[in-house]
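Coordinates from data-v8.cif are shown below (mmCIF, N, CA and C atoms).
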```
data_work
#
loop_
_atom_site.label_atom_id
_atom_site.label_comp_id
_atom_site.auth_asym_id
_atom_site.auth_seq_id
_atom_site.Cartn_x
_atom_site.Cartn_y
_atom_site.Cartn_z
N MET R 1 84.26 105.80 126.39
CA MET R 1 83.45 107.00 126.60
C MET R 1 84.17 108.20 126.00
N GLU R 2 83.48 108.92 125.17
CA GLU R 2 84.02 110.12 124.55
C GLU R 2 83.64 111.32 125.41
N LEU R 3 84.63 112.13 125.77
CA LEU R 3 84.36 113.33 126.56
C LEU R 3 84.05 114.48 125.61
N ASP R 4 82.90 115.11 125.81
CA ASP R 4 82.56 116.27 125.01
C ASP R 4 82.87 117.54 125.79
N GLN R 5 82.68 118.67 125.14
CA GLN R 5 83.00 119.97 125.76
C GLN R 5 82.21 120.19 127.06
N ASN R 6 80.96 119.74 127.10
CA ASN R 6 80.15 119.93 128.30
C ASN R 6 80.71 119.15 129.49
N LYS R 7 81.10 117.88 129.26
CA LYS R 7 81.67 117.06 130.33
C LYS R 7 82.98 117.67 130.81
N LEU R 8 83.82 118.11 129.86
CA LEU R 8 85.10 118.70 130.23
C LEU R 8 84.89 119.98 131.05
N THR R 9 83.89 120.76 130.67
CA THR R 9 83.58 121.98 131.44
C THR R 9 83.12 121.62 132.85
N GLU R 10 82.33 120.55 132.99
CA GLU R 10 81.91 120.11 134.32
C GLU R 10 83.11 119.73 135.18
N VAL R 11 84.09 119.05 134.58
CA VAL R 11 85.29 118.66 135.32
C VAL R 11 86.04 119.91 135.79
N ILE R 12 86.16 120.89 134.92
CA ILE R 12 86.81 122.16 135.26
C ILE R 12 86.11 122.80 136.46
N HIS R 13 84.79 122.85 136.39
CA HIS R 13 84.03 123.48 137.47
C HIS R 13 84.17 122.72 138.79
N LEU R 14 84.26 121.40 138.71
CA LEU R 14 84.47 120.63 139.94
C LEU R 14 85.81 120.95 140.57
N ALA R 15 86.84 121.11 139.77
CA ALA R 15 88.16 121.48 140.30
C ALA R 15 88.12 122.88 140.90
N GLU R 16 87.38 123.76 140.26
CA GLU R 16 87.25 125.13 140.77
C GLU R 16 86.43 125.20 142.06
N ASP R 17 85.53 124.23 142.26
CA ASP R 17 84.74 124.20 143.50
C ASP R 17 85.63 124.25 144.74
N LYS R 18 86.78 123.62 144.65
CA LYS R 18 87.72 123.59 145.79
C LYS R 18 88.89 124.54 145.57
N LYS R 19 88.65 125.56 144.75
CA LYS R 19 89.60 126.63 144.50
C LYS R 19 90.87 126.18 143.79
N GLY R 20 90.75 125.12 142.97
CA GLY R 20 91.87 124.75 142.12
C GLY R 20 92.16 125.90 141.17
N GLY R 21 93.43 126.20 140.98
CA GLY R 21 93.78 127.35 140.17
C GLY R 21 94.68 127.00 139.00
N ASP R 22 94.91 128.00 138.16
CA ASP R 22 95.81 127.89 137.02
C ASP R 22 95.50 126.62 136.22
N LEU R 23 94.23 126.42 135.91
CA LEU R 23 93.79 125.21 135.20
C LEU R 23 94.19 125.26 133.73
N THR R 24 94.78 124.18 133.27
CA THR R 24 95.15 124.03 131.87
C THR R 24 94.62 122.69 131.38
N LEU R 25 93.83 122.73 130.32
CA LEU R 25 93.28 121.52 129.72
C LEU R 25 93.92 121.34 128.35
N LEU R 26 94.58 120.20 128.16
CA LEU R 26 95.28 119.91 126.91
C LEU R 26 94.60 118.79 126.16
N ASN R 27 94.43 118.97 124.85
CA ASN R 27 93.89 117.93 123.98
C ASN R 27 95.08 117.12 123.47
N LEU R 28 95.18 115.86 123.89
CA LEU R 28 96.29 115.00 123.53
C LEU R 28 95.91 113.95 122.49
N LYS R 29 94.75 114.10 121.88
CA LYS R 29 94.34 113.13 120.85
C LYS R 29 95.37 113.13 119.73
N GLY R 30 95.82 111.95 119.36
CA GLY R 30 96.80 111.81 118.31
C GLY R 30 98.23 112.09 118.74
N ILE R 31 98.42 112.51 119.98
CA ILE R 31 99.75 112.81 120.52
C ILE R 31 100.15 111.78 121.57
N SER R 32 99.20 111.41 122.41
CA SER R 32 99.45 110.48 123.51
C SER R 32 98.68 109.18 123.27
N MET R 33 99.33 108.08 123.57
CA MET R 33 98.64 106.79 123.50
C MET R 33 97.94 106.47 124.82
N VAL R 34 98.15 107.31 125.83
CA VAL R 34 97.65 107.05 127.18
C VAL R 34 96.29 107.69 127.42
N THR R 35 96.09 108.90 126.92
CA THR R 35 94.86 109.63 127.23
C THR R 35 94.51 110.61 126.11
N ASP R 36 93.24 111.02 126.09
CA ASP R 36 92.79 112.02 125.13
C ASP R 36 92.97 113.44 125.65
N TYR R 37 92.74 113.61 126.96
CA TYR R 37 92.84 114.94 127.57
C TYR R 37 93.66 114.87 128.85
N CYS R 38 94.33 115.97 129.13
CA CYS R 38 95.11 116.10 130.36
C CYS R 38 94.72 117.43 131.00
N LEU R 39 94.27 117.37 132.24
CA LEU R 39 93.93 118.57 132.99
C LEU R 39 95.00 118.76 134.06
N ILE R 40 95.58 119.95 134.10
CA ILE R 40 96.58 120.28 135.10
C ILE R 40 95.99 121.36 136.00
N VAL R 41 96.02 121.10 137.31
CA VAL R 41 95.40 121.98 138.30
C VAL R 41 96.42 122.27 139.39
N THR R 42 96.45 123.51 139.87
CA THR R 42 97.32 123.87 140.99
C THR R 42 96.49 124.03 142.25
N GLY R 43 96.97 123.37 143.32
CA GLY R 43 96.45 123.58 144.66
C GLY R 43 97.54 124.28 145.46
N ASN R 44 97.20 125.26 146.25
CA ASN R 44 98.20 126.09 146.92
C ASN R 44 98.98 125.38 148.01
N SER R 45 98.51 124.22 148.46
CA SER R 45 99.18 123.46 149.51
C SER R 45 98.80 121.99 149.36
N SER R 46 99.50 121.14 150.08
CA SER R 46 99.14 119.72 150.06
C SER R 46 97.73 119.50 150.57
N ILE R 47 97.31 120.27 151.54
CA ILE R 47 95.95 120.15 152.07
C ILE R 47 94.93 120.48 150.98
N GLN R 48 95.20 121.53 150.21
CA GLN R 48 94.27 121.88 149.14
C GLN R 48 94.31 120.84 148.01
N VAL R 49 95.50 120.33 147.69
CA VAL R 49 95.60 119.27 146.68
C VAL R 49 94.75 118.08 147.10
N LYS R 50 94.80 117.70 148.38
CA LYS R 50 93.98 116.59 148.88
C LYS R 50 92.49 116.91 148.77
N ALA R 51 92.12 118.14 149.11
CA ALA R 51 90.71 118.53 149.06
C ALA R 51 90.19 118.47 147.62
N ILE R 52 90.97 118.96 146.67
CA ILE R 52 90.57 118.91 145.26
C ILE R 52 90.44 117.45 144.82
N THR R 53 91.43 116.64 145.18
CA THR R 53 91.43 115.22 144.81
C THR R 53 90.21 114.51 145.37
N ASN R 54 89.95 114.69 146.66
CA ASN R 54 88.80 114.03 147.30
C ASN R 54 87.49 114.45 146.64
N HIS R 55 87.36 115.74 146.34
CA HIS R 55 86.14 116.25 145.72
C HIS R 55 85.95 115.61 144.33
N LEU R 56 87.02 115.57 143.55
CA LEU R 56 86.93 114.97 142.22
C LEU R 56 86.63 113.47 142.30
N GLU R 57 87.26 112.78 143.23
CA GLU R 57 87.00 111.34 143.40
C GLU R 57 85.53 111.08 143.70
N GLU R 58 84.93 111.95 144.47
CA GLU R 58 83.52 111.79 144.84
C GLU R 58 82.59 112.18 143.69
N LYS R 59 82.89 113.28 143.02
CA LYS R 59 81.93 113.86 142.07
C LYS R 59 82.07 113.37 140.63
N LEU R 60 83.27 113.00 140.19
CA LEU R 60 83.43 112.57 138.80
C LEU R 60 82.54 111.39 138.44
N PRO R 61 82.46 110.33 139.27
CA PRO R 61 81.55 109.23 138.91
C PRO R 61 80.09 109.66 138.79
N GLU R 62 79.70 110.70 139.54
CA GLU R 62 78.33 111.19 139.48
C GLU R 62 77.99 111.81 138.12
N ILE R 63 79.02 112.27 137.41
CA ILE R 63 78.78 112.85 136.08
C ILE R 63 79.21 111.89 134.97
N GLY R 64 79.46 110.64 135.35
CA GLY R 64 79.75 109.61 134.35
C GLY R 64 81.20 109.46 133.97
N ILE R 65 82.10 109.99 134.77
CA ILE R 65 83.53 109.85 134.50
C ILE R 65 84.14 108.97 135.59
N PRO R 66 84.61 107.79 135.22
CA PRO R 66 85.16 106.89 136.23
C PRO R 66 86.54 107.34 136.70
N VAL R 67 86.82 107.10 137.97
CA VAL R 67 88.17 107.31 138.50
C VAL R 67 88.76 105.92 138.68
N MET R 68 89.71 105.59 137.81
CA MET R 68 90.27 104.24 137.79
C MET R 68 91.41 104.07 138.80
N HIS R 69 92.21 105.12 138.96
CA HIS R 69 93.39 105.00 139.81
C HIS R 69 93.83 106.40 140.25
N VAL R 70 94.29 106.49 141.50
CA VAL R 70 94.81 107.74 142.04
C VAL R 70 96.18 107.46 142.64
N GLU R 71 97.17 108.26 142.27
CA GLU R 71 98.52 108.15 142.81
C GLU R 71 98.93 109.48 143.42
N GLY R 72 99.77 109.41 144.45
CA GLY R 72 100.33 110.63 145.03
C GLY R 72 99.82 110.98 146.40
N LEU R 73 98.91 110.19 146.93
CA LEU R 73 98.43 110.41 148.30
C LEU R 73 99.19 109.44 149.20
N PRO R 74 99.46 109.73 150.42
CA PRO R 74 99.00 110.88 151.20
C PRO R 74 99.89 112.12 151.10
N ASP R 75 101.04 112.03 150.44
CA ASP R 75 101.96 113.17 150.35
C ASP R 75 101.30 114.39 149.73
N ALA R 76 100.59 114.19 148.64
CA ALA R 76 99.75 115.20 147.98
C ALA R 76 100.51 116.44 147.52
N LYS R 77 101.73 116.24 147.05
CA LYS R 77 102.41 117.34 146.38
C LYS R 77 102.10 117.31 144.89
N TRP R 78 101.89 116.07 144.39
CA TRP R 78 101.49 115.87 142.99
C TRP R 78 100.61 114.63 142.96
N VAL R 79 99.34 114.82 142.68
CA VAL R 79 98.40 113.70 142.59
C VAL R 79 98.03 113.51 141.13
N LEU R 80 98.03 112.26 140.70
CA LEU R 80 97.63 111.90 139.36
C LEU R 80 96.36 111.07 139.46
N MET R 81 95.34 111.47 138.72
CA MET R 81 94.07 110.74 138.66
C MET R 81 93.88 110.21 137.24
N ASP R 82 93.76 108.90 137.11
CA ASP R 82 93.50 108.27 135.81
C ASP R 82 92.00 108.04 135.71
N CYS R 83 91.40 108.69 134.73
CA CYS R 83 89.96 108.58 134.54
C CYS R 83 89.64 107.76 133.31
N GLY R 84 90.19 106.56 133.26
CA GLY R 84 89.80 105.58 132.25
C GLY R 84 90.30 105.80 130.85
N GLY R 85 91.42 106.45 130.66
CA GLY R 85 91.99 106.60 129.34
C GLY R 85 91.53 107.83 128.59
N ASP R 86 90.40 108.39 128.96
CA ASP R 86 89.91 109.59 128.29
C ASP R 86 90.49 110.86 128.91
N LEU R 87 90.80 110.77 130.20
CA LEU R 87 91.22 111.96 130.93
C LEU R 87 92.21 111.57 132.03
N VAL R 88 93.29 112.32 132.09
CA VAL R 88 94.22 112.22 133.21
C VAL R 88 94.27 113.61 133.85
N ILE R 89 94.17 113.63 135.18
CA ILE R 89 94.18 114.90 135.91
C ILE R 89 95.42 114.92 136.79
N HIS R 90 96.19 115.99 136.68
CA HIS R 90 97.35 116.22 137.54
C HIS R 90 97.01 117.38 138.46
N ILE R 91 97.06 117.15 139.77
CA ILE R 91 96.79 118.19 140.76
C ILE R 91 98.09 118.38 141.52
N MET R 92 98.66 119.58 141.44
CA MET R 92 100.02 119.80 141.91
C MET R 92 100.13 121.05 142.76
N THR R 93 101.08 121.02 143.69
CA THR R 93 101.43 122.25 144.40
C THR R 93 102.17 123.17 143.42
N PRO R 94 102.23 124.47 143.70
CA PRO R 94 102.93 125.38 142.78
C PRO R 94 104.39 124.98 142.55
N GLU R 95 105.05 124.50 143.58
CA GLU R 95 106.46 124.11 143.46
C GLU R 95 106.63 122.94 142.49
N GLN R 96 105.76 121.94 142.61
CA GLN R 96 105.83 120.78 141.73
C GLN R 96 105.48 121.17 140.29
N ARG R 97 104.50 122.02 140.16
CA ARG R 97 104.09 122.44 138.81
C ARG R 97 105.20 123.22 138.11
N GLU R 98 105.83 124.09 138.85
CA GLU R 98 106.93 124.88 138.29
C GLU R 98 108.11 123.98 137.93
N PHE R 99 108.42 123.03 138.78
CA PHE R 99 109.58 122.16 138.56
C PHE R 99 109.37 121.24 137.35
N TYR R 100 108.19 120.61 137.24
CA TYR R 100 107.97 119.61 136.20
C TYR R 100 107.47 120.19 134.87
N GLN R 101 106.81 121.34 134.91
CA GLN R 101 106.36 122.04 133.70
C GLN R 101 105.74 121.10 132.67
N LEU R 102 104.67 120.43 133.07
CA LEU R 102 104.02 119.46 132.18
C LEU R 102 103.55 120.07 130.86
N GLU R 103 103.20 121.33 130.89
CA GLU R 103 102.77 121.98 129.64
C GLU R 103 103.89 121.95 128.60
N ARG R 104 105.12 122.07 129.03
CA ARG R 104 106.25 122.00 128.09
C ARG R 104 106.43 120.58 127.56
N LEU R 105 106.18 119.59 128.42
CA LEU R 105 106.28 118.20 127.98
C LEU R 105 105.33 117.93 126.83
N TRP R 106 104.14 118.52 126.90
CA TRP R 106 103.11 118.33 125.87
C TRP R 106 102.98 119.59 125.03
N LYS R 107 104.09 120.18 124.64
CA LYS R 107 104.06 121.46 123.91
C LYS R 107 103.35 121.38 122.56
N ASP R 108 103.23 120.17 122.00
CA ASP R 108 102.54 120.01 120.72
C ASP R 108 101.02 119.90 120.90
N ALA R 109 100.57 119.80 122.12
CA ALA R 109 99.13 119.65 122.39
C ALA R 109 98.42 120.99 122.25
N GLN R 110 97.19 120.90 121.83
CA GLN R 110 96.35 122.09 121.74
C GLN R 110 95.70 122.34 123.09
N GLU R 111 95.78 123.57 123.57
CA GLU R 111 95.11 123.92 124.82
C GLU R 111 93.63 124.13 124.51
N VAL R 112 92.78 123.51 125.32
CA VAL R 112 91.33 123.61 125.15
C VAL R 112 90.84 124.81 125.94
N SER R 113 90.12 125.68 125.28
CA SER R 113 89.58 126.85 125.98
C SER R 113 88.27 126.47 126.67
N PHE R 114 88.02 127.10 127.79
CA PHE R 114 86.80 126.86 128.56
C PHE R 114 86.46 128.10 129.33
N VAL R 115 85.24 128.16 129.80
CA VAL R 115 84.79 129.31 130.59
C VAL R 115 84.99 128.95 132.06
N SER R 116 85.80 129.74 132.72
CA SER R 116 86.09 129.52 134.14
C SER R 116 85.05 130.21 135.01
N LEU R 117 84.76 129.59 136.14
CA LEU R 117 83.84 130.22 137.09
C LEU R 117 84.54 131.24 137.97
N VAL R 118 85.86 131.12 138.04
CA VAL R 118 86.64 131.98 138.96
C VAL R 118 86.85 133.32 138.34
#
```
Would you write the structure of this file as structure tokens?
Amino acid sequence: MELDQNKLTEVIHLAEDKKGGDLTLLNLKGISMVTDYCLIVTGNSSIQVKAITNHLEEKLPEIGIPVMHVEGLPDAKWVLMDCGGDLVIHIMTPEQREFYQLERLWKDAQEVSFVSLV
């Protein structure tokens, strides 16, 4: 399944539904053998990270994006959602995001611009 700009925007809006913040969408095509896109989302607490994760798990299949695997629960400081090779979503507390700095790991990736609802 190829993710287009509309589908990616829907994913962004779903994360924002539960007040996910500091969203960064990276295009990893040609850079990563694991996924085409990586979405990084900050939840202000483990409770919010869980809420964002649960919402995405419920809603992504409704828009045609499968959730193949979820790691990081119940601790919920850093949750990884594998959406079938096309998309990986990282939902992290601010402390985890600051410590791991995934954007630096993928510094060669192009950031995808999108219109935020927030």
*Output as a PyMOL selection string all residues of region 21-86 of chain R that backbone DSSP marks as strand (DSSP E or B).*
chain R and resi 21-27+37-42+69-71+78-82
*Exactly which residues make up the result of the PyMOL selection byres (((chain R and resi 55-63 and name CA) around 9) and name CA) on this file, given as a PyMOL selection string?*
chain R and resi 7+10-11+14-15+17-18+50-54+64-67+70+81+83
Exercise: Leu3 (chain R) partners within 9 Å, only C-alpha atoms, chain neighbours under 2 positions left out, as a PDB file with N, CA and C atoms, keeping the file's coordinate frame:
```
ATOM      1  N   MET R   1      84.260 105.800 126.390  1.00  0.00           N
ATOM      2  CA  MET R   1      83.450 107.000 126.600  1.00  0.00           C
ATOM      3  C   MET R   1      84.170 108.200 126.000  1.00  0.00           C
ATOM      4  N   GLN R   5      82.680 118.670 125.140  1.00  0.00           N
ATOM      5  CA  GLN R   5      83.000 119.970 125.760  1.00  0.00           C
ATOM      6  C   GLN R   5      82.210 120.190 127.060  1.00  0.00           C
ATOM      7  N   ASN R   6      80.960 119.740 127.100  1.00  0.00           N
ATOM      8  CA  ASN R   6      80.150 119.930 128.300  1.00  0.00           C
ATOM      9  C   ASN R   6      80.710 119.150 129.490  1.00  0.00           C
ATOM     10  N   LYS R   7      81.100 117.880 129.260  1.00  0.00           N
ATOM     11  CA  LYS R   7      81.670 117.060 130.330  1.00  0.00           C
ATOM     12  C   LYS R   7      82.980 117.670 130.810  1.00  0.00           C
ATOM     13  N   LEU R   8      83.820 118.110 129.860  1.00  0.00           N
ATOM     14  CA  LEU R   8      85.100 118.700 130.230  1.00  0.00           C
ATOM     15  C   LEU R   8      84.890 119.980 131.050  1.00  0.00           C
ATOM     16  N   ASP R  36      93.240 111.020 126.090  1.00  0.00           N
ATOM     17  CA  ASP R  36      92.790 112.020 125.130  1.00  0.00           C
ATOM     18  C   ASP R  36      92.970 113.440 125.650  1.00  0.00           C
ATOM     19  N   TYR R  37      92.740 113.610 126.960  1.00  0.00           N
ATOM     20  CA  TYR R  37      92.840 114.940 127.570  1.00  0.00           C
ATOM     21  C   TYR R  37      93.660 114.870 128.850  1.00  0.00           C
ATOM     22  N   ILE R  65      82.100 109.990 134.770  1.00  0.00           N
ATOM     23  CA  ILE R  65      83.530 109.850 134.500  1.00  0.00           C
ATOM     24  C   ILE R  65      84.140 108.970 135.590  1.00  0.00           C
ATOM     25  N   ASP R  86      90.400 108.390 128.960  1.00  0.00           N
ATOM     26  CA  ASP R  86      89.910 109.590 128.290  1.00  0.00           C
ATOM     27  C   ASP R  86      90.490 110.860 128.910  1.00  0.00           C
ATOM     28  N   LEU R  87      90.800 110.770 130.200  1.00  0.00           N
ATOM     29  CA  LEU R  87      91.220 111.960 130.930  1.00  0.00           C
ATOM     30  C   LEU R  87      92.210 111.570 132.030  1.00  0.00           C
TER      31      LEU R  87
END
```
*When you draw a straight line from CA of Asp108 (chain R) to atom N of Val34 (chain R), how long is it in Å?*
14.4 Å
Identify all residues satisfying the PyMOL selection byres ((chain R and resi 111) around 5) in the given file; provide them as a compact mmCIF listing (two decimals) with N, CA and C atoms, keeping the file's coordinate frame.
```
# COMPACT_ATOMS: atom_id res chain seq x y z
N LEU R 25 93.83 122.73 130.32
CA LEU R 25 93.28 121.52 129.72
C LEU R 25 93.92 121.34 128.35
N LEU R 26 94.58 120.20 128.16
CA LEU R 26 95.28 119.91 126.91
C LEU R 26 94.60 118.79 126.16
N ASN R 27 94.43 118.97 124.85
CA ASN R 27 93.89 117.93 123.98
C ASN R 27 95.08 117.12 123.47
N ALA R 109 100.57 119.80 122.12
CA ALA R 109 99.13 119.65 122.39
C ALA R 109 98.42 120.99 122.25
N GLN R 110 97.19 120.90 121.83
CA GLN R 110 96.35 122.09 121.74
C GLN R 110 95.70 122.34 123.09
N VAL R 112 92.78 123.51 125.32
CA VAL R 112 91.33 123.61 125.15
C VAL R 112 90.84 124.81 125.94
N SER R 113 90.12 125.68 125.28
CA SER R 113 89.58 126.85 125.98
C SER R 113 88.27 126.47 126.67
```
*Could you write out, as a ChimeraX atom specification, all the residues of chain R that DSSP marks as helix (DSSP H, G or I)?*
/R:5-17,46-63,94-100,102-105
Grab all the atoms of region 19-24 of chain R that the file lists, wrap them in a box along x, y and z, add 6 Å per side, and give me centre plus edge lengths in Å (one decimal) as AutoDock Vina command-line options.
```
--center_x 92.2 --center_y 125.3 --center_z 138.1 --size_x 19.2 --size_y 17.3 --size_z 25.4
```
Using the chain letters and numbers from the file, give me the residues hit by the PyMOL selection byres (((chain R and resi 74 and name CA) around 12) and name CA), as a CSV table (one decimal) with N, CA and C atoms, in the frame of the given file.
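Wrote selection_33.csv, looks like this:
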```
chain,number,residue,atom,x,y,z
R,46,SER,N,99.5,121.1,150.1
R,46,SER,CA,99.1,119.7,150.1
R,46,SER,C,97.7,119.5,150.6
R,47,ILE,N,97.3,120.3,151.5
R,47,ILE,CA,96.0,120.2,152.1
R,47,ILE,C,94.9,120.5,151.0
R,49,VAL,N,95.5,120.3,147.7
R,49,VAL,CA,95.6,119.3,146.7
R,49,VAL,C,94.8,118.1,147.1
R,50,LYS,N,94.8,117.7,148.4
R,50,LYS,CA,94.0,116.6,148.9
R,50,LYS,C,92.5,116.9,148.8
R,51,ALA,N,92.1,118.1,149.1
R,51,ALA,CA,90.7,118.5,149.1
R,51,ALA,C,90.2,118.5,147.6
R,53,THR,N,91.4,116.6,145.2
R,53,THR,CA,91.4,115.2,144.8
R,53,THR,C,90.2,114.5,145.4
R,54,ASN,N,90.0,114.7,146.7
R,54,ASN,CA,88.8,114.0,147.3
R,54,ASN,C,87.5,114.4,146.6
R,70,VAL,N,94.3,106.5,141.5
R,70,VAL,CA,94.8,107.7,142.0
R,70,VAL,C,96.2,107.5,142.6
R,71,GLU,N,97.2,108.3,142.3
R,71,GLU,CA,98.5,108.2,142.8
R,71,GLU,C,98.9,109.5,143.4
R,72,GLY,N,99.8,109.4,144.4
R,72,GLY,CA,100.3,110.6,145.0
R,72,GLY,C,99.8,111.0,146.4
R,73,LEU,N,98.9,110.2,146.9
R,73,LEU,CA,98.4,110.4,148.3
R,73,LEU,C,99.2,109.4,149.2
R,75,ASP,N,101.0,112.0,150.4
R,75,ASP,CA,102.0,113.2,150.4
R,75,ASP,C,101.3,114.4,149.7
R,76,ALA,N,100.6,114.2,148.6
R,76,ALA,CA,99.8,115.2,148.0
R,76,ALA,C,100.5,116.4,147.5
R,77,LYS,N,101.7,116.2,147.0
R,77,LYS,CA,102.4,117.3,146.4
R,77,LYS,C,102.1,117.3,144.9
R,78,TRP,N,101.9,116.1,144.4
R,78,TRP,CA,101.5,115.9,143.0
R,78,TRP,C,100.6,114.6,143.0
R,79,VAL,N,99.3,114.8,142.7
R,79,VAL,CA,98.4,113.7,142.6
R,79,VAL,C,98.0,113.5,141.1
R,80,LEU,N,98.0,112.3,140.7
R,80,LEU,CA,97.6,111.9,139.4
R,80,LEU,C,96.4,111.1,139.5
```
Coordinates of region 54-74 of chain R, N, CA and C atoms, as a PDB file, in the first residue's frame:
```
ATOM      1  N   ASN R  54      -3.823   4.219  21.708  1.00  0.00           N
ATOM      2  CA  ASN R  54      -5.121   3.529  21.626  1.00  0.00           C
ATOM      3  C   ASN R  54      -5.988   4.108  20.512  1.00  0.00           C
ATOM      4  N   HIS R  55      -5.988   5.429  20.393  1.00  0.00           N
ATOM      5  CA  HIS R  55      -6.787   6.091  19.364  1.00  0.00           C
ATOM      6  C   HIS R  55      -6.295   5.687  17.964  1.00  0.00           C
ATOM      7  N   LEU R  56      -4.977   5.702  17.777  1.00  0.00           N
ATOM      8  CA  LEU R  56      -4.425   5.320  16.477  1.00  0.00           C
ATOM      9  C   LEU R  56      -4.689   3.848  16.177  1.00  0.00           C
ATOM     10  N   GLU R  57      -4.548   2.986  17.171  1.00  0.00           N
ATOM     11  CA  GLU R  57      -4.820   1.554  16.963  1.00  0.00           C
ATOM     12  C   GLU R  57      -6.250   1.326  16.503  1.00  0.00           C
ATOM     13  N   GLU R  58      -7.171   2.103  17.034  1.00  0.00           N
ATOM     14  CA  GLU R  58      -8.579   1.960  16.671  1.00  0.00           C
ATOM     15  C   GLU R  58      -8.876   2.567  15.303  1.00  0.00           C
ATOM     16  N   LYS R  59      -8.329   3.743  15.033  1.00  0.00           N
ATOM     17  CA  LYS R  59      -8.744   4.509  13.853  1.00  0.00           C
ATOM     18  C   LYS R  59      -7.939   4.231  12.585  1.00  0.00           C
ATOM     19  N   LEU R  60      -6.657   3.869  12.703  1.00  0.00           N
ATOM     20  CA  LEU R  60      -5.858   3.651  11.492  1.00  0.00           C
ATOM     21  C   LEU R  60      -6.449   2.585  10.578  1.00  0.00           C
ATOM     22  N   PRO R  61      -6.878   1.424  11.095  1.00  0.00           N
ATOM     23  CA  PRO R  61      -7.481   0.435  10.188  1.00  0.00           C
ATOM     24  C   PRO R  61      -8.734   0.957   9.475  1.00  0.00           C
ATOM     25  N   GLU R  62      -9.451   1.881  10.112  1.00  0.00           N
ATOM     26  CA  GLU R  62     -10.651   2.448   9.498  1.00  0.00           C
ATOM     27  C   GLU R  62     -10.326   3.280   8.258  1.00  0.00           C
ATOM     28  N   ILE R  63      -9.099   3.799   8.181  1.00  0.00           N
ATOM     29  CA  ILE R  63      -8.702   4.579   7.007  1.00  0.00           C
ATOM     30  C   ILE R  63      -7.776   3.777   6.089  1.00  0.00           C
ATOM     31  N   GLY R  64      -7.703   2.473   6.336  1.00  0.00           N
ATOM     32  CA  GLY R  64      -6.961   1.593   5.440  1.00  0.00           C
ATOM     33  C   GLY R  64      -5.489   1.427   5.758  1.00  0.00           C
ATOM     34  N   ILE R  65      -5.086   1.783   6.958  1.00  0.00           N
ATOM     35  CA  ILE R  65      -3.690   1.617   7.373  1.00  0.00           C
ATOM     36  C   ILE R  65      -3.643   0.550   8.459  1.00  0.00           C
ATOM     37  N   PRO R  66      -3.024  -0.582   8.172  1.00  0.00           N
ATOM     38  CA  PRO R  66      -2.986  -1.657   9.161  1.00  0.00           C
ATOM     39  C   PRO R  66      -1.996  -1.354  10.284  1.00  0.00           C
ATOM     40  N   VAL R  67      -2.333  -1.793  11.482  1.00  0.00           N
ATOM     41  CA  VAL R  67      -1.391  -1.737  12.603  1.00  0.00           C
ATOM     42  C   VAL R  67      -0.919  -3.168  12.816  1.00  0.00           C
ATOM     43  N   MET R  68       0.330  -3.415  12.448  1.00  0.00           N
ATOM     44  CA  MET R  68       0.871  -4.770  12.483  1.00  0.00           C
ATOM     45  C   MET R  68       1.410  -5.148  13.857  1.00  0.00           C
ATOM     46  N   HIS R  69       2.018  -4.183  14.534  1.00  0.00           N
ATOM     47  CA  HIS R  69       2.664  -4.484  15.809  1.00  0.00           C
ATOM     48  C   HIS R  69       2.808  -3.195  16.621  1.00  0.00           C
ATOM     49  N   VAL R  70       2.635  -3.324  17.931  1.00  0.00           N
ATOM     50  CA  VAL R  70       2.812  -2.198  18.850  1.00  0.00           C
ATOM     51  C   VAL R  70       3.749  -2.638  19.964  1.00  0.00           C
ATOM     52  N   GLU R  71       4.773  -1.837  20.220  1.00  0.00           N
ATOM     53  CA  GLU R  71       5.717  -2.102  21.303  1.00  0.00           C
ATOM     54  C   GLU R  71       5.759  -0.904  22.238  1.00  0.00           C
ATOM     55  N   GLY R  72       6.025  -1.168  23.515  1.00  0.00           N
ATOM     56  CA  GLY R  72       6.220  -0.084  24.472  1.00  0.00           C
ATOM     57  C   GLY R  72       5.119   0.077  25.490  1.00  0.00           C
ATOM     58  N   LEU R  73       4.089  -0.732  25.402  1.00  0.00           N
ATOM     59  CA  LEU R  73       3.018  -0.702  26.405  1.00  0.00           C
ATOM     60  C   LEU R  73       3.286  -1.829  27.388  1.00  0.00           C
ATOM     61  N   PRO R  74       2.947  -1.743  28.625  1.00  0.00           N
ATOM     62  CA  PRO R  74       2.148  -0.700  29.270  1.00  0.00           C
ATOM     63  C   PRO R  74       2.956   0.487  29.790  1.00  0.00           C
TER      64      PRO R  74
END
```
